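Participant: Provided herewith: my_file-v5.tsv, TSV, C-alpha atoms and all ligand atoms.
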chain	number	residue	atom	x	y	z
A	1	MET	CA	-19.52	-7.61	14.95
A	2	GLU	CA	-22.56	-7.71	12.72
A	3	HIS	CA	-22.58	-6.34	9.22
A	4	ASP	CA	-25.40	-5.68	6.82
A	5	GLY	CA	-24.73	-8.59	4.48
A	6	ARG	CA	-22.99	-6.66	1.74
A	7	ILE	CA	-20.24	-8.51	-0.09
A	8	SER	CA	-16.98	-6.94	-1.26
A	9	ALA	CA	-15.62	-7.24	-4.79
A	10	LEU	CA	-13.29	-9.87	-3.34
A	11	GLY	CA	-16.15	-12.08	-2.19
A	12	GLY	CA	-15.92	-11.44	1.56
A	13	PRO	CA	-18.10	-9.27	3.78
A	14	PHE	CA	-18.02	-5.54	3.20
A	15	ILE	CA	-18.04	-3.94	6.63
A	16	GLU	CA	-18.63	-0.20	6.74
A	17	LEU	CA	-18.01	1.47	10.09
A	18	ALA	CA	-18.62	5.06	11.14
A	19	SER	CA	-15.60	5.43	13.41
A	20	VAL	CA	-12.87	3.09	14.68
A	21	ALA	CA	-9.39	3.55	16.09
A	22	SER	CA	-7.82	1.76	13.11
A	23	THR	CA	-9.32	-0.53	10.49
A	24	ASN	CA	-6.20	-2.73	10.70
A	25	LYS	CA	-6.72	-3.07	14.44
A	26	THR	CA	-10.41	-3.90	13.97
A	27	ALA	CA	-9.49	-6.48	11.32
A	28	ALA	CA	-6.96	-8.11	13.67
A	29	GLU	CA	-9.55	-8.26	16.47
A	30	LEU	CA	-12.17	-9.81	14.20
A	31	LEU	CA	-9.64	-12.33	12.88
A	32	ARG	CA	-8.79	-13.30	16.43
A	33	LEU	CA	-12.49	-14.03	16.98
A	34	SER	CA	-12.59	-16.00	13.69
A	35	LYS	CA	-15.19	-13.55	12.43
A	36	LEU	CA	-13.66	-12.73	9.07
A	37	ARG	CA	-13.16	-14.67	5.93
A	38	HIS	CA	-10.99	-14.17	2.87
A	39	GLY	CA	-11.96	-11.11	0.88
A	40	ALA	CA	-13.36	-9.10	3.79
A	41	VAL	CA	-13.10	-5.34	3.46
A	42	ILE	CA	-13.39	-3.03	6.45
A	43	LEU	CA	-14.00	0.61	5.59
A	44	ALA	CA	-14.06	3.32	8.25
A	45	HIS	CA	-15.42	6.78	7.62
A	46	GLU	CA	-13.27	8.00	10.48
A	47	GLN	CA	-10.14	6.62	12.11
A	48	THR	CA	-9.22	8.04	15.49
A	49	ALA	CA	-5.83	6.32	15.77
A	50	GLY	CA	-4.85	5.43	12.21
A	51	ARG	CA	-1.52	3.63	12.06
A	52	GLY	CA	1.24	4.31	9.58
A	53	GLN	CA	4.54	2.64	8.77
A	54	ARG	CA	7.38	2.63	11.30
A	55	GLY	CA	5.03	3.36	14.21
A	56	ARG	CA	3.88	6.67	12.75
A	57	GLN	CA	0.29	7.86	12.84
A	58	TRP	CA	-1.88	8.13	9.76
A	59	ILE	CA	-4.36	10.94	9.50
A	60	SER	CA	-7.26	10.94	7.07
A	61	ALA	CA	-10.04	13.49	6.86
A	62	PRO	CA	-13.24	11.95	8.33
A	63	GLY	CA	-15.79	11.25	5.61
A	64	ARG	CA	-13.51	12.64	2.90
A	65	ASP	CA	-10.62	10.20	2.40
A	66	LEU	CA	-10.42	6.42	2.23
A	67	ALA	CA	-9.20	4.29	5.14
A	68	LEU	CA	-9.73	0.59	4.69
A	69	SER	CA	-8.32	-2.84	5.32
A	70	ILE	CA	-8.55	-5.76	2.95
A	71	VAL	CA	-8.27	-9.15	4.61
A	72	VAL	CA	-6.97	-12.05	2.58
A	73	ALA	CA	-5.87	-15.62	3.19
A	74	PRO	CA	-3.08	-16.20	0.68
A	75	PRO	CA	-2.91	-19.69	-0.76
A	76	ALA	CA	0.36	-21.33	0.35
A	77	LEU	CA	2.48	-18.19	0.67
A	78	ARG	CA	5.78	-18.66	2.47
A	79	ALA	CA	6.60	-16.04	5.07
A	80	ASP	CA	9.83	-15.14	3.31
A	81	GLY	CA	7.86	-14.30	0.17
A	82	GLN	CA	5.30	-12.07	1.88
A	83	PHE	CA	6.48	-8.91	0.12
A	84	VAL	CA	4.43	-10.01	-2.88
A	85	LEU	CA	1.37	-8.79	-0.95
A	86	ALA	CA	2.88	-5.32	-0.69
A	87	LYS	CA	3.53	-5.38	-4.42
A	88	LEU	CA	-0.03	-6.40	-5.26
A	89	ALA	CA	-1.49	-3.73	-2.97
A	90	ALA	CA	0.84	-0.97	-4.15
A	91	LEU	CA	0.19	-1.74	-7.79
A	92	ALA	CA	-3.59	-1.81	-7.23
A	93	VAL	CA	-3.45	1.60	-5.54
A	94	HIS	CA	-1.07	2.91	-8.20
A	95	ASP	CA	-3.33	1.78	-11.04
A	96	THR	CA	-6.39	3.25	-9.36
A	97	VAL	CA	-4.75	6.65	-8.90
A	98	ALA	CA	-3.19	6.56	-12.37
A	99	SER	CA	-6.61	5.86	-13.91
A	100	LEU	CA	-7.90	9.10	-12.42
A	101	LEU	CA	-5.03	11.55	-12.83
A	102	PRO	CA	-3.03	12.71	-15.82
A	103	GLY	CA	0.24	13.23	-13.84
A	104	GLU	CA	3.05	10.77	-13.22
A	105	VAL	CA	2.13	8.24	-10.54
A	106	ARG	CA	4.88	6.12	-8.98
A	107	ILE	CA	5.37	3.50	-6.29
A	108	LYS	CA	7.96	4.55	-3.77
A	109	TRP	CA	9.56	1.51	-2.21
A	110	PRO	CA	8.37	-0.14	-0.16
A	111	ASN	CA	4.75	0.88	-0.58
A	112	ASP	CA	3.91	4.55	-0.87
A	113	VAL	CA	2.13	5.89	-3.90
A	114	LEU	CA	3.28	9.27	-5.16
A	115	VAL	CA	1.91	11.77	-7.64
A	116	GLU	CA	4.99	13.55	-8.98
A	117	ARG	CA	6.88	13.86	-5.65
A	118	ARG	CA	3.87	13.99	-3.33
A	119	LYS	CA	2.45	11.08	-1.37
A	120	VAL	CA	-1.20	10.34	-2.13
A	121	ALA	CA	-1.49	6.95	-0.43
A	122	GLY	CA	0.21	4.73	2.12
A	123	ILE	CA	-0.10	1.04	2.80
A	124	LEU	CA	0.41	-0.80	6.07
A	125	ILE	CA	0.42	-4.58	5.80
A	126	GLU	CA	0.16	-6.70	8.92
A	127	ASN	CA	0.51	-10.43	8.39
A	128	GLU	CA	-0.38	-13.30	10.65
A	129	LEU	CA	1.90	-16.27	10.24
A	130	ALA	CA	1.20	-19.93	10.86
A	131	GLY	CA	4.60	-21.58	11.01
A	132	GLU	CA	6.41	-20.70	7.80
A	133	ARG	CA	3.26	-19.62	6.00
A	134	VAL	CA	1.25	-16.44	5.85
A	135	ALA	CA	-2.17	-17.42	7.20
A	136	TRP	CA	-3.80	-14.01	6.98
A	137	SER	CA	-2.84	-10.66	5.64
A	138	ILE	CA	-4.39	-7.39	6.69
A	139	ILE	CA	-3.72	-4.88	3.96
A	140	GLY	CA	-4.40	-1.39	5.28
A	141	ILE	CA	-4.73	1.35	2.71
A	142	GLY	CA	-4.98	5.06	3.37
A	143	LEU	CA	-5.76	7.09	0.26
A	144	ASN	CA	-6.06	10.86	0.35
A	145	VAL	CA	-9.14	11.50	-1.74
A	146	ASN	CA	-10.66	14.82	-0.72
A	147	SER	CA	-8.22	16.13	1.89
A	148	THR	CA	-7.17	19.67	1.14
A	149	ASP	CA	-5.40	20.87	4.28
A	150	LEU	CA	-2.38	18.58	4.23
A	151	ALA	CA	0.60	19.73	6.29
A	152	GLU	CA	3.31	21.05	3.97
A	153	GLU	CA	6.04	19.04	5.72
A	154	LEU	CA	4.27	15.80	4.76
A	155	THR	CA	4.86	16.46	1.06
A	156	ALA	CA	1.44	14.95	0.52
A	157	THR	CA	-1.37	15.45	-1.93
A	158	SER	CA	-4.88	14.17	-2.58
A	159	LEU	CA	-6.88	13.20	-5.65
A	160	ALA	CA	-9.01	16.33	-5.21
A	161	LEU	CA	-5.96	18.60	-5.03
A	162	GLU	CA	-4.57	17.03	-8.18
A	163	GLN	CA	-7.86	17.06	-10.03
A	164	GLY	CA	-9.03	20.43	-8.81
A	165	GLY	CA	-12.41	19.28	-7.48
A	166	GLU	CA	-14.29	16.93	-5.18
A	167	VAL	CA	-13.90	13.23	-5.99
A	168	ASP	CA	-16.49	10.49	-5.33
A	169	ARG	CA	-14.55	8.36	-2.87
A	170	MET	CA	-16.89	5.37	-3.01
A	171	ALA	CA	-16.38	5.25	-6.78
A	172	VAL	CA	-12.61	5.31	-6.17
A	173	LEU	CA	-13.02	2.46	-3.69
A	174	GLU	CA	-14.86	0.41	-6.27
A	175	VAL	CA	-12.06	0.87	-8.82
A	176	LEU	CA	-9.46	0.01	-6.19
A	177	LEU	CA	-11.16	-3.20	-5.04
A	178	GLN	CA	-11.76	-4.30	-8.60
A	179	ARG	CA	-8.11	-3.72	-9.54
A	180	PHE	CA	-6.89	-5.51	-6.43
A	181	LYS	CA	-9.16	-8.44	-7.28
A	182	GLU	CA	-7.76	-8.67	-10.82
A	183	LEU	CA	-4.17	-8.60	-9.58
A	184	TRP	CA	-4.94	-11.08	-6.78
A	185	GLU	CA	-6.52	-13.50	-9.22
A	186	ALA	CA	-3.58	-13.20	-11.63
A	187	TRP	CA	-1.11	-13.86	-8.83
A	188	SER	CA	-3.05	-16.74	-7.29
A	189	ALA	CA	-3.37	-18.33	-10.73
A	190	GLY	CA	0.43	-18.35	-10.86
A	191	SER	CA	0.91	-15.45	-13.24
A	192	GLY	CA	3.93	-13.23	-12.67
A	193	GLN	CA	3.25	-10.97	-15.65
A	194	TRP	CA	1.90	-8.14	-13.52
A	195	GLU	CA	5.19	-7.90	-11.62
A	196	ALA	CA	6.93	-6.08	-14.45
A	197	ALA	CA	4.36	-3.30	-14.05
A	198	TYR	CA	5.34	-2.89	-10.39
A	199	THR	CA	9.01	-2.68	-11.34
A	200	GLU	CA	8.39	-0.22	-14.17
A	201	ARG	CA	6.46	2.09	-11.90
A	202	LEU	CA	9.07	2.19	-9.14
A	203	TRP	CA	9.93	5.71	-8.11
A	204	SER	CA	13.48	6.74	-9.07
A	205	ARG	CA	14.05	3.54	-11.02
A	206	GLY	CA	17.09	3.94	-13.25
A	207	ARG	CA	17.85	7.40	-11.83
A	208	TRP	CA	20.47	8.38	-9.28
A	209	ALA	CA	18.68	9.00	-5.99
A	210	ASP	CA	19.74	10.31	-2.59
A	211	LEU	CA	19.58	7.41	-0.17
A	212	VAL	CA	20.57	6.77	3.43
A	213	LEU	CA	22.41	3.47	3.90
A	214	ASP	CA	23.30	2.44	7.44
A	215	GLY	CA	22.81	6.05	8.49
A	216	GLN	CA	25.16	7.45	5.81
A	217	PRO	CA	24.05	9.50	2.80
A	218	VAL	CA	24.78	7.67	-0.46
A	219	GLN	CA	23.75	7.88	-4.07
A	220	GLY	CA	22.25	4.85	-5.70
A	221	ARG	CA	20.20	3.87	-8.70
A	222	PRO	CA	17.17	1.70	-7.77
A	223	VAL	CA	16.80	-1.18	-10.20
A	224	ASP	CA	14.11	-3.50	-8.79
A	225	VAL	CA	12.80	-5.14	-5.63
A	226	ASP	CA	13.66	-8.76	-4.87
A	227	GLU	CA	11.35	-11.48	-3.48
A	228	GLN	CA	12.22	-10.60	0.09
A	229	GLY	CA	11.23	-7.01	-0.57
A	230	ARG	CA	14.79	-5.68	-0.60
A	231	LEU	CA	15.51	-2.77	-2.90
A	232	LEU	CA	18.11	-3.66	-5.50
A	233	VAL	CA	20.33	-0.65	-5.97
A	234	GLU	CA	23.14	0.04	-8.39
A	235	MET	CA	25.94	1.72	-6.46
A	236	PRO	CA	28.35	4.33	-7.86
A	237	GLY	CA	31.10	1.69	-8.03
A	238	GLY	CA	28.98	-0.36	-10.43
A	239	GLY	CA	27.86	-3.27	-8.23
A	240	VAL	CA	24.23	-3.93	-7.30
A	241	GLY	CA	23.32	-4.31	-3.62
A	242	ALA	CA	20.10	-5.69	-2.06
A	243	PHE	CA	19.03	-3.71	0.97
A	244	ALA	CA	16.16	-4.18	3.40
A	245	LEU	CA	14.32	-1.37	5.15
A	246	ASP	CA	16.40	-1.71	8.30
A	247	ARG	CA	19.45	-0.52	6.33
A	248	LEU	CA	18.20	1.63	3.52
A	249	ARG	CA	15.70	4.40	2.97
A	250	PHE	CA	15.26	7.28	0.61
A	251	ALA	CA	16.79	10.49	1.99
A	252	PRO	CA	14.13	12.82	3.38
A	253	ARG	CA	13.21	15.48	0.85
A	301	LIG	C1	1.97	4.77	5.78
A	301	LIG	O1	2.56	5.13	6.79
A	301	LIG	O2	2.23	5.24	4.68
A	301	LIG	C2	0.92	3.69	5.85
A	301	LIG	C3	-0.43	4.25	6.11
A	301	LIG	C4	-1.52	3.21	6.18
A	301	LIG	C5	-2.83	3.81	6.64
A	301	LIG	C6	-3.96	2.85	6.54
A	301	LIG	S1	-5.52	3.64	6.78
A	301	LIG	C7	-6.32	2.11	6.90
A	301	LIG	C8	-5.41	1.19	7.69
A	301	LIG	N1	-5.65	1.32	9.11
A	301	LIG	C9	-4.62	1.86	9.75
A	301	LIG	O3	-4.58	2.12	10.96
A	301	LIG	N2	-3.62	2.11	8.88
A	301	LIG	C10	-3.97	1.70	7.54
Show me, as structure tokens, the structure contained in the file I just sent.
Ligand code: BTN
Facilitator:
Amino acid sequence: MEHDGRISALGGPFIELASVASTNKTAAELLRLSKLRHGAVILAHEQTAGRGQRGRQWISAPGRDLALSIVVAPPALRADGQFVLAKLAALAVHDTVASLLPGEVRIKWPNDVLVERRKVAGILIENELAGERVAWSIIGIGLNVNSTDLAEELTATSLALEQGGEVDRMAVLEVLLQRFKELWEAWSAGSGQWEAAYTERLWSRGRWADLVLDGQPVQGRPVDVDEQGRLLVEMPGGGVGAFALDRLRFAPR
């Protein structure tokens, strides 16, 4: 696929497409053809089959929201440490949204971004492994910018709904890519300082939350996320458990 030579804030090609099924899918296809390099950004003005977490679909308003994939080649990242990519992406989206809105913005484990209790953005990361290493990561980000007719059952919101007016989505994209770049550079230079910010911004941190553990409703107090991406939760008995997504989720609201 040809692009017009523009370069993303991350130093790779900036590929802007009118309509695709899914930017993550396009990124995977281009990677398979060795047509992408580190720092590529694929932005679609419309996604016809946007993919969400756990096999769900992701809907964004054509020409009004942001649907993009950032493609990176992490330097020497072990597969069992790949959750760091989710942390970097979630914090970049969090910081972008928080820079624009006065309300409380939080990261809901594993990688949703909420304004108060409403989801404003979702992240779908698809990694390609080479042996025990992450060779490529496709970081798909869906950010509700100017959507206004969001189904009530989604408990979702958009920047425009929160701000009360149309938002320049390309300006939001610029802030997002810049923030991701800063966090990426800090991480690849070996700094772990930014990680405290992720932990501090975790939704429900330090508060008793309704959770579902192995299919059973339980109360727990999220404390942090470990390197494998498991949520560390203080249980009513006092102990702290580490739970992966296959066992634990937040109870539906
Ligand atoms: C979620 O379920 O919360 C994750 C949503 C991720 C959506 C984004 S939009 C750009 C990229 N392409 C996709 O098909 N999905 C991700």
Participant: Pick out the closest residue to A:Glu46 from this set: A:Ile70, A:Glu16, A:Thr96, A:Ala27. Count all atoms listed in the file.
Facilitator: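 The answer is A:Glu16, which sits nearest to A:Glu46.
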Participant: Ligand LIG 301 (chain A): which residues are within 9 Å, counting only C-alpha atoms and all ligand atoms? Reply as a PyMOL selection string.
Facilitator: chain A and resi 21-27+42-44+47-60+66-70+111-113+119+121-125+138-143
Participant: Find the residues near A:Glu116: any atom within 7 Å, counting all atoms listed in the file, skip ones fewer than 3 places away on the same chain, and give them as a PyMOL selection string.
Facilitator: chain A and resi 103-105
Participant: Provide the atom CA of A:Phe250 to atom CA of A:Glu162 distance in Å, to one decimal place.
Facilitator: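 Distance between the two atoms: 23.8 Å.
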Participant: Of the candidates A:Ala90, A:Asp214, A:Thr157, A:Trp136, which one gets nearest to A:Pro110 if we count all atoms listed in the file?
Facilitator: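 Closest to A:Pro110, using all atoms listed in the file: A:Ala90.
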Participant: Which residue gives the smallest distance to A:Val20 among A:Leu36, A:Thr199, A:Pro62, A:Arg205, with only C-alpha atoms counted?
Facilitator: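 Under the stated criterion, the closest residue is A:Pro62.
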Participant: May I ask which of the residues A:Arg253, A:Gly63, A:Gln216, A:Gln82 is the closest one to A:Arg118, counting all atoms listed in the file?
Facilitator: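 With all atoms listed in the file as the atom set, the closest residue is A:Arg253.
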Participant: Out of A:Val225, A:Leu150, A:Val172, A:Val120, which residue has the shortest atom-to-atom distance to A:Leu202 when counting all atoms listed in the file?
Facilitator: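 With all atoms listed in the file as the atom set, the closest residue is A:Val225.
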Participant: Pick from A:Gly5, A:Tyr198, A:Thr148, A:Leu30: nearest to A:Gly165, with only C-alpha atoms counted?
Facilitator: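 Closest residue, counting only C-alpha atoms: A:Thr148.
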Participant: Taking the point (-0.4, -15.7, 7.1) as given in the file, collect each protein or nucleic acid residue that comes within 9 Å of it, counting all atoms listed in the file, and present the set as a PyMOL selection string.
Facilitator: chain A and resi 72-74+76-79+82+127-137
Participant: Would you mind writing stretch 27-44 of chain A with N, CA, C and O atoms, as an mmCIF file, keeping the file's coordinate frame?
Facilitator:
data_model
loop_
_atom_site.group_PDB
_atom_site.id
_atom_site.type_symbol
_atom_site.label_atom_id
_atom_site.label_comp_id
_atom_site.auth_asym_id
_atom_site.auth_seq_id
_atom_site.Cartn_x
_atom_site.Cartn_y
_atom_site.Cartn_z
ATOM 1 N N ALA A 27 -9.636 -5.232 12.095
ATOM 2 C CA ALA A 27 -9.490 -6.480 11.320
ATOM 3 C C ALA A 27 -8.771 -7.538 12.154
ATOM 4 O O ALA A 27 -9.191 -8.704 12.176
ATOM 5 N N ALA A 28 -7.714 -7.146 12.846
ATOM 6 C CA ALA A 28 -6.960 -8.110 13.670
ATOM 7 C C ALA A 28 -7.851 -8.670 14.777
ATOM 8 O O ALA A 28 -7.819 -9.873 15.071
ATOM 9 N N GLU A 29 -8.664 -7.795 15.385
ATOM 10 C CA GLU A 29 -9.550 -8.260 16.470
ATOM 11 C C GLU A 29 -10.584 -9.241 15.926
ATOM 12 O O GLU A 29 -10.854 -10.276 16.527
ATOM 13 N N LEU A 30 -11.153 -8.913 14.776
ATOM 14 C CA LEU A 30 -12.170 -9.810 14.200
ATOM 15 C C LEU A 30 -11.560 -11.138 13.758
ATOM 16 O O LEU A 30 -12.179 -12.199 13.886
ATOM 17 N N LEU A 31 -10.313 -11.081 13.265
ATOM 18 C CA LEU A 31 -9.640 -12.330 12.880
ATOM 19 C C LEU A 31 -9.420 -13.207 14.105
ATOM 20 O O LEU A 31 -9.603 -14.422 14.050
ATOM 21 N N ARG A 32 -9.020 -12.559 15.195
ATOM 22 C CA ARG A 32 -8.790 -13.300 16.430
ATOM 23 C C ARG A 32 -10.063 -14.016 16.881
ATOM 24 O O ARG A 32 -10.023 -15.096 17.448
ATOM 25 N N LEU A 33 -11.199 -13.417 16.592
ATOM 26 C CA LEU A 33 -12.490 -14.030 16.980
ATOM 27 C C LEU A 33 -13.023 -14.940 15.872
ATOM 28 O O LEU A 33 -14.170 -15.386 15.935
ATOM 29 N N SER A 34 -12.197 -15.186 14.859
ATOM 30 C CA SER A 34 -12.590 -16.000 13.690
ATOM 31 C C SER A 34 -13.843 -15.456 13.025
ATOM 32 O O SER A 34 -14.711 -16.219 12.589
ATOM 33 N N LYS A 35 -13.975 -14.137 12.992
ATOM 34 C CA LYS A 35 -15.190 -13.550 12.430
ATOM 35 C C LYS A 35 -14.996 -12.967 11.043
ATOM 36 O O LYS A 35 -15.833 -12.217 10.556
ATOM 37 N N LEU A 36 -13.867 -13.239 10.426
ATOM 38 C CA LEU A 36 -13.660 -12.730 9.070
ATOM 39 C C LEU A 36 -13.317 -13.869 8.149
ATOM 40 O O LEU A 36 -12.739 -14.861 8.571
ATOM 41 N N ARG A 37 -13.637 -13.686 6.895
ATOM 42 C CA ARG A 37 -13.160 -14.670 5.930
ATOM 43 C C ARG A 37 -12.426 -13.947 4.810
ATOM 44 O O ARG A 37 -12.469 -12.709 4.727
ATOM 45 N N HIS A 38 -11.767 -14.730 3.984
ATOM 46 C CA HIS A 38 -10.990 -14.170 2.870
ATOM 47 C C HIS A 38 -11.849 -13.186 2.064
ATOM 48 O O HIS A 38 -13.009 -13.470 1.761
ATOM 49 N N GLY A 39 -11.260 -12.077 1.731
ATOM 50 C CA GLY A 39 -11.960 -11.110 0.880
ATOM 51 C C GLY A 39 -12.755 -10.080 1.656
ATOM 52 O O GLY A 39 -13.452 -9.259 1.059
ATOM 53 N N ALA A 40 -12.635 -10.109 2.998
ATOM 54 C CA ALA A 40 -13.360 -9.100 3.790
ATOM 55 C C ALA A 40 -12.735 -7.727 3.560
ATOM 56 O O ALA A 40 -11.517 -7.598 3.378
ATOM 57 N N VAL A 41 -13.583 -6.724 3.560
ATOM 58 C CA VAL A 41 -13.100 -5.340 3.460
ATOM 59 C C VAL A 41 -13.726 -4.560 4.606
ATOM 60 O O VAL A 41 -14.939 -4.639 4.829
ATOM 61 N N ILE A 42 -12.889 -3.863 5.346
ATOM 62 C CA ILE A 42 -13.390 -3.030 6.450
ATOM 63 C C ILE A 42 -13.090 -1.578 6.088
ATOM 64 O O ILE A 42 -11.928 -1.201 5.888
ATOM 65 N N LEU A 43 -14.146 -0.808 5.971
ATOM 66 C CA LEU A 43 -14.000 0.610 5.590
ATOM 67 C C LEU A 43 -14.462 1.453 6.776
ATOM 68 O O LEU A 43 -15.533 1.221 7.324
ATOM 69 N N ALA A 44 -13.646 2.421 7.169
ATOM 70 C CA ALA A 44 -14.060 3.320 8.250
ATOM 71 C C ALA A 44 -14.184 4.733 7.695
ATOM 72 O O ALA A 44 -13.299 5.199 6.979
#
